[in-house]
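To start, the structure under review is shown below, and the notes come after it.
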Amino acid sequence: MAEAEELKLFRTWSSRYALRAVLALKIKGVDYQTVFEDLKNKSASLLQYNPIHKKVPVLLHNGQPICESLVILEYIDGVWKQPPLLPEHPYDRAMARFWAKFGDEKVMPSLRSVFLSQGEVQEEAVGSWMENLKLLEELLEGKKFFGGERIGYLDIALGWMANLISIYEEIIEMKLVDAEKFPLLSAWMRNLSDDPVIRECWPPRHKMVEKYVAVREAQLSST
Ligand SMILES: N[C@@H](CCC(=O)N[C@@H](CS)C(=O)NCC(=O)O)C(=O)O
């Protein structure tokens, strides 16, 4: 980054959304400053830069704030060109965006429902989780990463899965992605997690387990 440039990422240590910006900047080899937020006591800067949603992540580039993790991901790809994250062809780009949205709107809520429930409610939630996994498995046909041979936009958009699923599995003592049923997806999660650049960015596992044990307990005791 040129000396005069200012690049700051407002995030929390555990945010799966912020992880997208962290991964993209790491892959591009861009230096930046991290500002850790306490979401129970949001800073005046966070509220100033993201007055509509008041959420992390926010990327601040030369005084200009960019909000919403998928928008940030596109911005990073637009400013720092190498290596490119979005595919080249407009149709492939559209599809990558479509599936990233599917990840946030369908996959994430279905995993959340499995993780934060038990008994019959959980059995039902597993049904929609499996349906979503089938679609992602099909999408990986003939590919190592969603982006092809190397990590791209959709791999980063769905990167939270590769990080969070094994943590959830440990907590609820249930296999969430069965390698026999979903061999491509299982291999994808392994390939992503084993990538040396990506591995460095994962939040500390023991802290994640501790956090999500507490989240699950709080949810189950309130229902
Ligand atoms: N759609 C947003 C979601 C961001 C989000 O939910 N961030 C959480 C942390 S993981 C947050 O800041 N929550 C604070 C709040 O809801 O008040 C994105 O993709 O950036």
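Residue numbers start at 1 in each chain; chains themselves are named A, B, ... in the order of the structure tokens; ligands are numbered from 1 in the order shown.
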Closest-contact table, chain A side, partner ligand 1, 9 Å, counting only C-alpha atoms and all ligand atoms, as a tab-separated table:
residue	atom	partner	partner_atom_place_in_ligand_line	distance
A:Arg11	CA	ligand 1	12 (O)	7.7
A:Thr12	CA	ligand 1	9 (C)	7.0
A:Ser14	CA	ligand 1	10 (S)	7.1
A:Ser15	CA	ligand 1	10 (S)	3.9
A:Arg16	CA	ligand 1	10 (S)	5.7
A:Tyr17	CA	ligand 1	19 (O)	5.2
A:Ala18	CA	ligand 1	20 (O)	6.8
A:Arg20	CA	ligand 1	19 (O)	8.8
A:Glu37	CA	ligand 1	12 (O)	8.8
A:Leu39	CA	ligand 1	14 (C)	5.6
A:Lys40	CA	ligand 1	17 (O)	7.8
A:Lys42	CA	ligand 1	17 (O)	8.4
A:His53	CA	ligand 1	16 (O)	7.6
A:Lys54	CA	ligand 1	17 (O)	6.1
A:Lys55	CA	ligand 1	12 (O)	3.3
A:Val56	CA	ligand 1	12 (O)	4.0
A:Pro57	CA	ligand 1	20 (O)	5.5
A:Val58	CA	ligand 1	20 (O)	7.7
A:Cys67	CA	ligand 1	20 (O)	6.4
A:Glu68	CA	ligand 1	20 (O)	3.5
A:Ser69	CA	ligand 1	20 (O)	3.8
A:Leu70	CA	ligand 1	19 (O)	5.8
A:Val71	CA	ligand 1	19 (O)	7.9
A:Ile72	CA	ligand 1	20 (O)	8.2
A:Asp104	CA	ligand 1	19 (O)	8.0
Using backbone DSSP assignments, extract all alpha helix (DSSP H) residues from stretch 81-163 of chain A; output them as a compact mmCIF listing (two decimals) with all heavy atoms, in the first residue's frame.
# COMPACT_ATOMS: atom_id res chain seq x y z
N PRO A 90 -18.89 -12.20 -17.15
CA PRO A 90 -20.02 -11.61 -16.41
C PRO A 90 -21.01 -12.65 -15.88
O PRO A 90 -21.56 -12.49 -14.79
CB PRO A 90 -20.69 -10.70 -17.45
CG PRO A 90 -19.62 -10.36 -18.40
CD PRO A 90 -18.69 -11.54 -18.45
N TYR A 91 -21.24 -13.73 -16.64
CA TYR A 91 -22.17 -14.74 -16.16
C TYR A 91 -21.61 -15.44 -14.91
O TYR A 91 -22.31 -15.63 -13.92
CB TYR A 91 -22.49 -15.78 -17.25
CG TYR A 91 -23.51 -16.78 -16.75
CD1 TYR A 91 -24.85 -16.44 -16.67
CD2 TYR A 91 -23.12 -18.06 -16.32
CE1 TYR A 91 -25.79 -17.33 -16.16
CE2 TYR A 91 -24.04 -18.96 -15.82
CZ TYR A 91 -25.38 -18.59 -15.75
OH TYR A 91 -26.30 -19.47 -15.23
N ASP A 92 -20.33 -15.79 -14.98
CA ASP A 92 -19.70 -16.46 -13.84
C ASP A 92 -19.67 -15.53 -12.62
O ASP A 92 -19.83 -15.98 -11.48
CB ASP A 92 -18.27 -16.89 -14.20
CG ASP A 92 -18.26 -17.92 -15.32
OD1 ASP A 92 -19.27 -18.63 -15.49
OD2 ASP A 92 -17.25 -17.99 -16.05
N ARG A 93 -19.49 -14.26 -12.88
CA ARG A 93 -19.50 -13.28 -11.78
C ARG A 93 -20.89 -13.23 -11.15
O ARG A 93 -21.04 -13.23 -9.92
CB ARG A 93 -19.14 -11.87 -12.28
CG ARG A 93 -17.72 -11.77 -12.79
CD ARG A 93 -17.53 -10.51 -13.60
NE ARG A 93 -17.25 -9.34 -12.79
CZ ARG A 93 -16.03 -8.96 -12.42
NH1 ARG A 93 -14.99 -9.66 -12.79
NH2 ARG A 93 -15.86 -7.90 -11.69
N ALA A 94 -21.91 -13.20 -12.02
CA ALA A 94 -23.29 -13.16 -11.52
C ALA A 94 -23.59 -14.39 -10.68
O ALA A 94 -24.21 -14.31 -9.62
CB ALA A 94 -24.27 -13.05 -12.69
N MET A 95 -23.12 -15.55 -11.15
CA MET A 95 -23.38 -16.80 -10.42
C MET A 95 -22.65 -16.81 -9.07
O MET A 95 -23.20 -17.26 -8.06
CB MET A 95 -22.94 -18.01 -11.27
CG MET A 95 -23.88 -18.31 -12.42
SD MET A 95 -25.60 -18.61 -11.86
CE MET A 95 -26.37 -17.06 -12.19
N ALA A 96 -21.43 -16.33 -9.07
CA ALA A 96 -20.68 -16.28 -7.80
C ALA A 96 -21.43 -15.41 -6.79
O ALA A 96 -21.58 -15.77 -5.62
CB ALA A 96 -19.27 -15.72 -8.04
N ARG A 97 -21.98 -14.29 -7.26
CA ARG A 97 -22.74 -13.39 -6.36
C ARG A 97 -24.03 -14.07 -5.90
O ARG A 97 -24.44 -13.95 -4.75
CB ARG A 97 -23.07 -12.09 -7.07
CG ARG A 97 -21.84 -11.25 -7.35
CD ARG A 97 -22.22 -9.99 -8.10
NE ARG A 97 -21.06 -9.16 -8.37
CZ ARG A 97 -20.65 -8.83 -9.59
NH1 ARG A 97 -21.30 -9.25 -10.67
NH2 ARG A 97 -19.58 -8.08 -9.74
N PHE A 98 -24.67 -14.78 -6.83
CA PHE A 98 -25.92 -15.48 -6.50
C PHE A 98 -25.67 -16.47 -5.35
O PHE A 98 -26.41 -16.50 -4.36
CB PHE A 98 -26.46 -16.22 -7.73
CG PHE A 98 -27.63 -17.11 -7.41
CD1 PHE A 98 -28.92 -16.61 -7.44
CD2 PHE A 98 -27.43 -18.45 -7.05
CE1 PHE A 98 -30.00 -17.43 -7.11
CE2 PHE A 98 -28.51 -19.26 -6.72
CZ PHE A 98 -29.80 -18.75 -6.76
N TRP A 99 -24.62 -17.27 -5.49
CA TRP A 99 -24.37 -18.32 -4.49
C TRP A 99 -23.86 -17.74 -3.17
O TRP A 99 -24.09 -18.31 -2.10
CB TRP A 99 -23.43 -19.38 -5.05
CG TRP A 99 -24.13 -20.23 -6.09
CD1 TRP A 99 -23.93 -20.22 -7.44
CD2 TRP A 99 -25.18 -21.19 -5.85
NE1 TRP A 99 -24.78 -21.11 -8.06
CE2 TRP A 99 -25.55 -21.72 -7.12
CE3 TRP A 99 -25.85 -21.64 -4.71
CZ2 TRP A 99 -26.55 -22.69 -7.26
CZ3 TRP A 99 -26.85 -22.61 -4.85
CH2 TRP A 99 -27.18 -23.11 -6.11
N ALA A 100 -23.20 -16.61 -3.25
CA ALA A 100 -22.76 -15.96 -2.00
C ALA A 100 -23.99 -15.50 -1.21
O ALA A 100 -24.08 -15.67 0.01
CB ALA A 100 -21.86 -14.77 -2.32
N LYS A 101 -24.97 -14.97 -1.92
CA LYS A 101 -26.23 -14.53 -1.31
C LYS A 101 -27.00 -15.74 -0.76
O LYS A 101 -27.56 -15.68 0.33
CB LYS A 101 -27.05 -13.83 -2.41
CG LYS A 101 -28.08 -12.86 -1.93
CD LYS A 101 -28.42 -11.91 -3.08
CE LYS A 101 -29.79 -11.34 -3.11
NZ LYS A 101 -30.53 -11.04 -1.98
N PHE A 102 -26.97 -16.82 -1.52
CA PHE A 102 -27.59 -18.07 -1.07
C PHE A 102 -26.93 -18.53 0.25
O PHE A 102 -27.61 -18.98 1.17
CB PHE A 102 -27.42 -19.13 -2.17
CG PHE A 102 -27.77 -20.53 -1.76
CD1 PHE A 102 -29.09 -20.95 -1.72
CD2 PHE A 102 -26.78 -21.45 -1.43
CE1 PHE A 102 -29.42 -22.26 -1.34
CE2 PHE A 102 -27.10 -22.76 -1.05
CZ PHE A 102 -28.42 -23.16 -1.01
N MET A 108 -26.55 -20.18 5.97
CA MET A 108 -26.22 -19.73 7.32
C MET A 108 -27.41 -19.90 8.28
O MET A 108 -27.26 -20.50 9.34
CB MET A 108 -25.73 -18.28 7.27
CG MET A 108 -24.72 -17.96 8.35
SD MET A 108 -24.29 -16.22 8.35
CE MET A 108 -22.94 -16.14 7.20
N PRO A 109 -28.62 -19.43 7.90
CA PRO A 109 -29.75 -19.62 8.82
C PRO A 109 -30.07 -21.10 9.08
O PRO A 109 -30.45 -21.47 10.19
CB PRO A 109 -30.94 -18.95 8.11
CG PRO A 109 -30.33 -18.04 7.11
CD PRO A 109 -29.00 -18.60 6.74
N SER A 110 -29.88 -21.96 8.06
CA SER A 110 -30.22 -23.37 8.30
C SER A 110 -29.22 -24.02 9.26
O SER A 110 -29.60 -24.84 10.10
CB SER A 110 -30.35 -24.15 6.98
OG SER A 110 -29.11 -24.29 6.34
N LEU A 111 -27.96 -23.62 9.17
CA LEU A 111 -26.98 -24.16 10.11
C LEU A 111 -27.26 -23.64 11.52
O LEU A 111 -27.19 -24.37 12.50
CB LEU A 111 -25.55 -23.78 9.68
CG LEU A 111 -24.44 -24.23 10.63
CD1 LEU A 111 -24.42 -25.75 10.79
CD2 LEU A 111 -23.07 -23.74 10.17
N ARG A 112 -27.61 -22.39 11.59
CA ARG A 112 -27.93 -21.76 12.88
C ARG A 112 -29.09 -22.50 13.56
O ARG A 112 -29.05 -22.78 14.75
CB ARG A 112 -28.29 -20.29 12.62
CG ARG A 112 -28.52 -19.47 13.83
CD ARG A 112 -28.96 -18.05 13.46
NE ARG A 112 -29.79 -17.50 14.51
CZ ARG A 112 -29.32 -16.98 15.64
NH1 ARG A 112 -28.04 -16.90 15.83
NH2 ARG A 112 -30.14 -16.53 16.57
N SER A 113 -30.11 -22.85 12.75
CA SER A 113 -31.26 -23.57 13.32
C SER A 113 -30.86 -24.93 13.86
O SER A 113 -31.37 -25.36 14.89
CB SER A 113 -32.35 -23.79 12.25
OG SER A 113 -32.75 -22.56 11.74
N VAL A 114 -29.96 -25.61 13.16
CA VAL A 114 -29.51 -26.93 13.66
C VAL A 114 -28.73 -26.73 14.96
O VAL A 114 -28.95 -27.43 15.96
CB VAL A 114 -28.61 -27.66 12.63
CG1 VAL A 114 -28.07 -28.96 13.21
CG2 VAL A 114 -29.38 -27.93 11.34
N PHE A 115 -27.84 -25.76 14.94
CA PHE A 115 -26.95 -25.56 16.08
C PHE A 115 -27.69 -25.11 17.34
O PHE A 115 -27.36 -25.52 18.45
CB PHE A 115 -25.86 -24.54 15.71
CG PHE A 115 -24.89 -24.28 16.82
CD1 PHE A 115 -24.05 -25.29 17.28
CD2 PHE A 115 -24.82 -23.03 17.44
CE1 PHE A 115 -23.15 -25.06 18.31
CE2 PHE A 115 -23.93 -22.79 18.48
CZ PHE A 115 -23.09 -23.81 18.91
N GLY A 119 -33.68 -32.04 19.78
CA GLY A 119 -34.87 -32.88 19.63
C GLY A 119 -35.50 -32.78 18.25
O GLY A 119 -34.81 -32.68 17.24
N GLU A 120 -36.84 -32.78 18.25
CA GLU A 120 -37.58 -32.80 16.97
C GLU A 120 -37.32 -31.54 16.13
O GLU A 120 -37.25 -31.60 14.91
CB GLU A 120 -39.08 -32.89 17.24
CG GLU A 120 -39.55 -34.33 17.40
CD GLU A 120 -41.01 -34.40 17.79
OE1 GLU A 120 -41.79 -33.54 17.33
OE2 GLU A 120 -41.35 -35.31 18.56
N VAL A 121 -37.22 -30.42 16.80
CA VAL A 121 -36.97 -29.16 16.09
C VAL A 121 -35.64 -29.26 15.34
O VAL A 121 -35.52 -28.87 14.17
CB VAL A 121 -36.93 -27.96 17.09
CG1 VAL A 121 -36.67 -26.65 16.38
CG2 VAL A 121 -38.21 -27.90 17.88
N GLN A 122 -34.66 -29.85 16.00
CA GLN A 122 -33.35 -29.99 15.38
C GLN A 122 -33.41 -30.96 14.19
O GLN A 122 -32.83 -30.71 13.14
CB GLN A 122 -32.33 -30.47 16.40
CG GLN A 122 -30.90 -30.38 15.89
CD GLN A 122 -29.89 -30.85 16.92
OE1 GLN A 122 -30.04 -31.94 17.48
NE2 GLN A 122 -28.89 -30.04 17.18
N GLU A 123 -34.17 -32.06 14.37
CA GLU A 123 -34.29 -33.03 13.26
C GLU A 123 -34.85 -32.36 12.02
O GLU A 123 -34.41 -32.59 10.90
CB GLU A 123 -35.20 -34.19 13.66
CG GLU A 123 -34.47 -35.27 14.45
CD GLU A 123 -35.43 -36.25 15.09
OE1 GLU A 123 -36.47 -36.57 14.47
OE2 GLU A 123 -35.14 -36.69 16.22
N GLU A 124 -35.84 -31.52 12.23
CA GLU A 124 -36.45 -30.81 11.10
C GLU A 124 -35.45 -29.84 10.46
O GLU A 124 -35.32 -29.75 9.24
CB GLU A 124 -37.64 -30.01 11.62
CG GLU A 124 -38.70 -29.80 10.54
CD GLU A 124 -39.94 -29.19 11.17
OE1 GLU A 124 -40.52 -29.83 12.07
OE2 GLU A 124 -40.28 -28.08 10.77
N ALA A 125 -34.70 -29.17 11.31
CA ALA A 125 -33.70 -28.20 10.80
C ALA A 125 -32.62 -28.92 10.00
O ALA A 125 -32.13 -28.38 9.00
CB ALA A 125 -33.09 -27.44 11.98
N VAL A 126 -32.28 -30.13 10.41
CA VAL A 126 -31.25 -30.89 9.69
C VAL A 126 -31.69 -31.13 8.24
O VAL A 126 -30.88 -31.10 7.32
CB VAL A 126 -30.93 -32.23 10.41
CG1 VAL A 126 -30.11 -33.17 9.52
CG2 VAL A 126 -30.18 -31.97 11.71
N GLY A 127 -33.00 -31.32 8.03
CA GLY A 127 -33.55 -31.54 6.69
C GLY A 127 -33.19 -30.40 5.74
O GLY A 127 -32.63 -30.63 4.67
N SER A 128 -33.45 -29.16 6.16
CA SER A 128 -33.13 -28.06 5.23
C SER A 128 -31.63 -27.82 5.11
O SER A 128 -31.14 -27.42 4.05
CB SER A 128 -33.88 -26.76 5.56
OG SER A 128 -34.13 -26.66 6.90
N TRP A 129 -30.91 -28.09 6.20
CA TRP A 129 -29.45 -27.99 6.13
C TRP A 129 -28.90 -28.93 5.05
O TRP A 129 -28.11 -28.55 4.20
CB TRP A 129 -28.88 -28.32 7.52
CG TRP A 129 -27.40 -28.54 7.62
CD1 TRP A 129 -26.77 -29.67 8.02
CD2 TRP A 129 -26.35 -27.59 7.34
NE1 TRP A 129 -25.41 -29.51 8.00
CE2 TRP A 129 -25.13 -28.23 7.60
CE3 TRP A 129 -26.34 -26.27 6.90
CZ2 TRP A 129 -23.89 -27.60 7.42
CZ3 TRP A 129 -25.11 -25.64 6.72
CH2 TRP A 129 -23.91 -26.30 6.98
N MET A 130 -29.40 -30.18 5.05
CA MET A 130 -28.93 -31.18 4.07
C MET A 130 -29.28 -30.76 2.64
O MET A 130 -28.49 -30.95 1.73
CB MET A 130 -29.56 -32.56 4.35
CG MET A 130 -29.09 -33.20 5.62
SD MET A 130 -27.35 -33.67 5.51
CE MET A 130 -26.89 -33.68 7.22
N GLU A 131 -30.47 -30.20 2.46
CA GLU A 131 -30.88 -29.74 1.12
C GLU A 131 -29.88 -28.69 0.61
O GLU A 131 -29.48 -28.70 -0.55
CB GLU A 131 -32.28 -29.11 1.17
CG GLU A 131 -33.42 -30.11 1.35
CD GLU A 131 -33.38 -31.22 0.31
OE1 GLU A 131 -33.28 -30.88 -0.88
OE2 GLU A 131 -33.44 -32.41 0.69
N ASN A 132 -29.51 -27.78 1.48
CA ASN A 132 -28.57 -26.73 1.09
C ASN A 132 -27.19 -27.30 0.77
O ASN A 132 -26.53 -26.89 -0.19
CB ASN A 132 -28.46 -25.67 2.20
CG ASN A 132 -29.74 -24.87 2.33
OD1 ASN A 132 -30.47 -24.70 1.36
ND2 ASN A 132 -30.02 -24.41 3.53
N LEU A 133 -26.78 -28.28 1.59
CA LEU A 133 -25.46 -28.90 1.35
C LEU A 133 -25.42 -29.60 0.00
O LEU A 133 -24.42 -29.56 -0.72
CB LEU A 133 -25.12 -29.90 2.46
CG LEU A 133 -24.84 -29.33 3.85
CD1 LEU A 133 -24.37 -30.43 4.79
CD2 LEU A 133 -23.79 -28.22 3.80
N LYS A 134 -26.55 -30.25 -0.36
CA LYS A 134 -26.61 -30.96 -1.66
C LYS A 134 -26.34 -29.98 -2.80
O LYS A 134 -25.64 -30.28 -3.75
CB LYS A 134 -28.01 -31.57 -1.86
CG LYS A 134 -28.09 -33.02 -1.43
CD LYS A 134 -29.44 -33.59 -1.79
CE LYS A 134 -29.97 -34.34 -0.60
NZ LYS A 134 -31.42 -34.48 -0.54
N LEU A 135 -26.92 -28.80 -2.70
CA LEU A 135 -26.74 -27.80 -3.76
C LEU A 135 -25.29 -27.34 -3.85
O LEU A 135 -24.74 -27.19 -4.94
CB LEU A 135 -27.67 -26.60 -3.52
CG LEU A 135 -29.16 -26.93 -3.64
CD1 LEU A 135 -30.01 -25.78 -3.12
CD2 LEU A 135 -29.53 -27.22 -5.09
N LEU A 136 -24.68 -27.16 -2.71
CA LEU A 136 -23.27 -26.72 -2.72
C LEU A 136 -22.37 -27.85 -3.24
O LEU A 136 -21.40 -27.60 -3.95
CB LEU A 136 -22.83 -26.30 -1.32
CG LEU A 136 -23.50 -25.03 -0.76
CD1 LEU A 136 -22.98 -24.72 0.64
CD2 LEU A 136 -23.28 -23.83 -1.67
N GLU A 137 -22.73 -29.08 -2.88
CA GLU A 137 -21.95 -30.24 -3.35
C GLU A 137 -21.98 -30.29 -4.88
O GLU A 137 -20.95 -30.48 -5.52
CB GLU A 137 -22.54 -31.53 -2.74
CG GLU A 137 -21.87 -32.82 -3.16
CD GLU A 137 -20.55 -33.10 -2.41
OE1 GLU A 137 -20.19 -32.37 -1.47
OE2 GLU A 137 -19.87 -34.07 -2.82
N GLU A 138 -23.16 -30.07 -5.46
CA GLU A 138 -23.29 -30.09 -6.93
C GLU A 138 -22.45 -28.99 -7.57
O GLU A 138 -21.86 -29.17 -8.63
CB GLU A 138 -24.75 -29.89 -7.33
CG GLU A 138 -25.58 -31.16 -7.17
CD GLU A 138 -27.08 -30.88 -7.27
OE1 GLU A 138 -27.46 -29.84 -7.88
OE2 GLU A 138 -27.85 -31.67 -6.70
N LEU A 139 -22.40 -27.87 -6.90
CA LEU A 139 -21.67 -26.72 -7.43
C LEU A 139 -20.16 -26.97 -7.49
O LEU A 139 -19.45 -26.36 -8.30
CB LEU A 139 -21.95 -25.54 -6.49
CG LEU A 139 -21.89 -24.13 -7.03
CD1 LEU A 139 -22.88 -23.96 -8.17
CD2 LEU A 139 -22.24 -23.15 -5.91
N TYR A 153 -13.75 -15.56 -4.96
CA TYR A 153 -14.78 -14.79 -4.24
C TYR A 153 -15.73 -15.69 -3.44
O TYR A 153 -15.98 -15.46 -2.26
CB TYR A 153 -15.54 -13.96 -5.28
CG TYR A 153 -16.80 -13.30 -4.81
CD1 TYR A 153 -16.77 -12.02 -4.25
CD2 TYR A 153 -18.03 -13.93 -4.96
CE1 TYR A 153 -17.94 -11.40 -3.84
CE2 TYR A 153 -19.20 -13.32 -4.55
CZ TYR A 153 -19.16 -12.06 -3.98
OH TYR A 153 -20.32 -11.45 -3.58
N LEU A 154 -16.26 -16.74 -4.10
CA LEU A 154 -17.24 -17.57 -3.42
C LEU A 154 -16.61 -18.41 -2.29
O LEU A 154 -17.25 -18.66 -1.27
CB LEU A 154 -17.96 -18.47 -4.45
CG LEU A 154 -19.17 -19.24 -3.93
CD1 LEU A 154 -20.18 -18.34 -3.23
CD2 LEU A 154 -19.85 -20.01 -5.07
N ASP A 155 -15.38 -18.81 -2.49
CA ASP A 155 -14.69 -19.55 -1.41
C ASP A 155 -14.56 -18.66 -0.18
O ASP A 155 -14.73 -19.13 0.95
CB ASP A 155 -13.28 -19.97 -1.88
CG ASP A 155 -13.36 -20.92 -3.05
OD1 ASP A 155 -13.71 -22.08 -2.84
OD2 ASP A 155 -13.11 -20.49 -4.20
N ILE A 156 -14.28 -17.39 -0.41
CA ILE A 156 -14.14 -16.46 0.72
C ILE A 156 -15.52 -16.17 1.32
O ILE A 156 -15.69 -16.15 2.54
CB ILE A 156 -13.45 -15.16 0.26
CG1 ILE A 156 -12.02 -15.49 -0.16
CG2 ILE A 156 -13.46 -14.11 1.36
CD1 ILE A 156 -11.24 -14.31 -0.70
N ALA A 157 -16.52 -15.99 0.44
CA ALA A 157 -17.87 -15.71 0.95
C ALA A 157 -18.38 -16.87 1.80
O ALA A 157 -19.10 -16.66 2.78
CB ALA A 157 -18.81 -15.44 -0.23
N GLY A 159 -16.35 -19.02 3.29
CA GLY A 159 -15.22 -19.46 4.13
C GLY A 159 -15.61 -19.74 5.57
O GLY A 159 -15.04 -20.61 6.22
N TRP A 160 -16.61 -18.99 6.07
CA TRP A 160 -17.06 -19.20 7.45
C TRP A 160 -17.47 -20.65 7.70
O TRP A 160 -17.32 -21.16 8.81
CB TRP A 160 -18.24 -18.25 7.77
CG TRP A 160 -19.42 -18.47 6.88
CD1 TRP A 160 -19.66 -17.84 5.69
CD2 TRP A 160 -20.50 -19.39 7.07
NE1 TRP A 160 -20.83 -18.32 5.14
CE2 TRP A 160 -21.36 -19.26 5.96
CE3 TRP A 160 -20.82 -20.31 8.07
CZ2 TRP A 160 -22.53 -20.04 5.82
CZ3 TRP A 160 -21.98 -21.08 7.94
CH2 TRP A 160 -22.81 -20.93 6.83
N MET A 161 -17.96 -21.33 6.65
CA MET A 161 -18.39 -22.73 6.83
C MET A 161 -17.19 -23.60 7.21
O MET A 161 -17.27 -24.43 8.11
CB MET A 161 -18.98 -23.29 5.53
CG MET A 161 -20.31 -22.70 5.14
SD MET A 161 -20.93 -23.44 3.61
CE MET A 161 -21.37 -25.09 4.15
N ALA A 162 -16.09 -23.40 6.49
CA ALA A 162 -14.90 -24.23 6.72
C ALA A 162 -14.35 -24.00 8.13
O ALA A 162 -13.72 -24.86 8.71
CB ALA A 162 -13.83 -23.92 5.67
N ASN A 163 -14.59 -22.81 8.67
CA ASN A 163 -14.12 -22.52 10.01
C ASN A 163 -15.09 -23.00 11.09
O ASN A 163 -14.71 -23.61 12.08
CB ASN A 163 -13.90 -21.01 10.15
CG ASN A 163 -13.39 -20.63 11.53
OD1 ASN A 163 -13.98 -19.85 12.23
ND2 ASN A 163 -12.29 -21.23 11.93
Contacts of A:Leu7 within 12 Å, only C-alpha atoms, excl. fewer than 4 positions in-chain, as a PyMOL selection string | chain A and resi 1-3+21+25+30-35+58-66+76+79
Just N, CA, C and O atoms for this one: save the residues we selected as a short mmCIF file (atom, residue, chain, number, x, y, z; two decimals), in the first residue's frame.
data_model
loop_
_atom_site.label_atom_id
_atom_site.label_comp_id
_atom_site.auth_asym_id
_atom_site.auth_seq_id
_atom_site.Cartn_x
_atom_site.Cartn_y
_atom_site.Cartn_z
N MET A 1 0.84 -1.19 0.00
CA MET A 1 0.00 0.00 0.00
C MET A 1 0.88 1.25 0.00
O MET A 1 1.88 1.30 0.71
N ALA A 2 0.52 2.26 -0.78
CA ALA A 2 1.29 3.50 -0.82
C ALA A 2 1.26 4.16 0.55
O ALA A 2 0.29 4.03 1.29
N GLU A 3 2.34 4.89 0.86
CA GLU A 3 2.50 5.46 2.21
C GLU A 3 1.32 6.30 2.66
O GLU A 3 0.87 6.20 3.80
N ALA A 21 -13.28 -10.05 4.79
CA ALA A 21 -12.36 -8.95 4.47
C ALA A 21 -10.94 -9.32 4.86
O ALA A 21 -9.98 -9.06 4.12
N LEU A 25 -7.95 -9.46 2.07
CA LEU A 25 -6.78 -8.58 2.18
C LEU A 25 -5.50 -9.40 2.32
O LEU A 25 -4.46 -9.04 1.78
N VAL A 30 -2.38 -7.11 1.12
CA VAL A 30 -2.55 -5.67 1.40
C VAL A 30 -2.40 -5.43 2.91
O VAL A 30 -3.00 -6.13 3.72
N ASP A 31 -1.61 -4.42 3.27
CA ASP A 31 -1.44 -4.06 4.69
C ASP A 31 -2.56 -3.14 5.13
O ASP A 31 -3.00 -2.28 4.36
N TYR A 32 -2.99 -3.30 6.37
CA TYR A 32 -4.05 -2.44 6.89
C TYR A 32 -3.98 -2.44 8.41
O TYR A 32 -3.28 -3.27 9.01
N GLN A 33 -4.76 -1.55 8.98
CA GLN A 33 -4.82 -1.45 10.44
C GLN A 33 -6.12 -2.09 10.91
O GLN A 33 -7.16 -1.88 10.26
N THR A 34 -6.07 -2.85 12.00
CA THR A 34 -7.30 -3.46 12.51
C THR A 34 -7.82 -2.66 13.70
O THR A 34 -7.03 -2.29 14.58
N VAL A 35 -9.12 -2.40 13.71
CA VAL A 35 -9.73 -1.77 14.88
C VAL A 35 -10.74 -2.77 15.44
O VAL A 35 -11.73 -3.09 14.78
N VAL A 58 -16.51 -2.89 8.82
CA VAL A 58 -16.46 -1.68 8.00
C VAL A 58 -15.01 -1.53 7.54
O VAL A 58 -14.09 -1.70 8.34
N LEU A 59 -14.85 -1.24 6.26
CA LEU A 59 -13.52 -0.95 5.75
C LEU A 59 -13.45 0.54 5.49
O LEU A 59 -14.35 1.10 4.84
N LEU A 60 -12.42 1.16 6.02
CA LEU A 60 -12.25 2.60 5.81
C LEU A 60 -11.03 2.80 4.91
O LEU A 60 -9.91 2.45 5.29
N HIS A 61 -11.28 3.33 3.71
CA HIS A 61 -10.18 3.51 2.76
C HIS A 61 -10.05 5.00 2.43
O HIS A 61 -10.96 5.56 1.82
N ASN A 62 -8.96 5.58 2.85
CA ASN A 62 -8.73 7.01 2.62
C ASN A 62 -9.95 7.85 3.02
O ASN A 62 -10.42 8.69 2.26
N GLY A 63 -10.49 7.55 4.20
CA GLY A 63 -11.60 8.33 4.74
C GLY A 63 -12.98 7.90 4.26
O GLY A 63 -13.99 8.39 4.74
N GLN A 64 -13.01 6.95 3.29
CA GLN A 64 -14.33 6.53 2.77
C GLN A 64 -14.73 5.17 3.33
O GLN A 64 -14.02 4.18 3.13
N PRO A 65 -15.87 5.13 4.04
CA PRO A 65 -16.28 3.86 4.63
C PRO A 65 -17.01 2.96 3.63
O PRO A 65 -17.81 3.44 2.81
N ILE A 66 -16.75 1.65 3.72
CA ILE A 66 -17.48 0.67 2.90
C ILE A 66 -18.04 -0.35 3.90
O ILE A 66 -17.31 -0.88 4.73
N ILE A 76 -12.57 -4.62 -2.41
CA ILE A 76 -11.15 -5.04 -2.30
C ILE A 76 -10.69 -5.61 -3.64
O ILE A 76 -9.61 -5.28 -4.14
N VAL A 79 -10.13 -2.77 -6.15
CA VAL A 79 -9.01 -1.84 -5.94
C VAL A 79 -7.66 -2.54 -6.07
O VAL A 79 -6.75 -2.03 -6.71
#
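Atom CA of A:Lys144 is found 13.4 Å from atom CA of A:Phe182.
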Which residues in stretch 32-211 of chain A does DSSP call strand (DSSP E or B)? List them as a PyMOL selection string.
-> chain A and resi 33-36+58-61+64-67+145+148
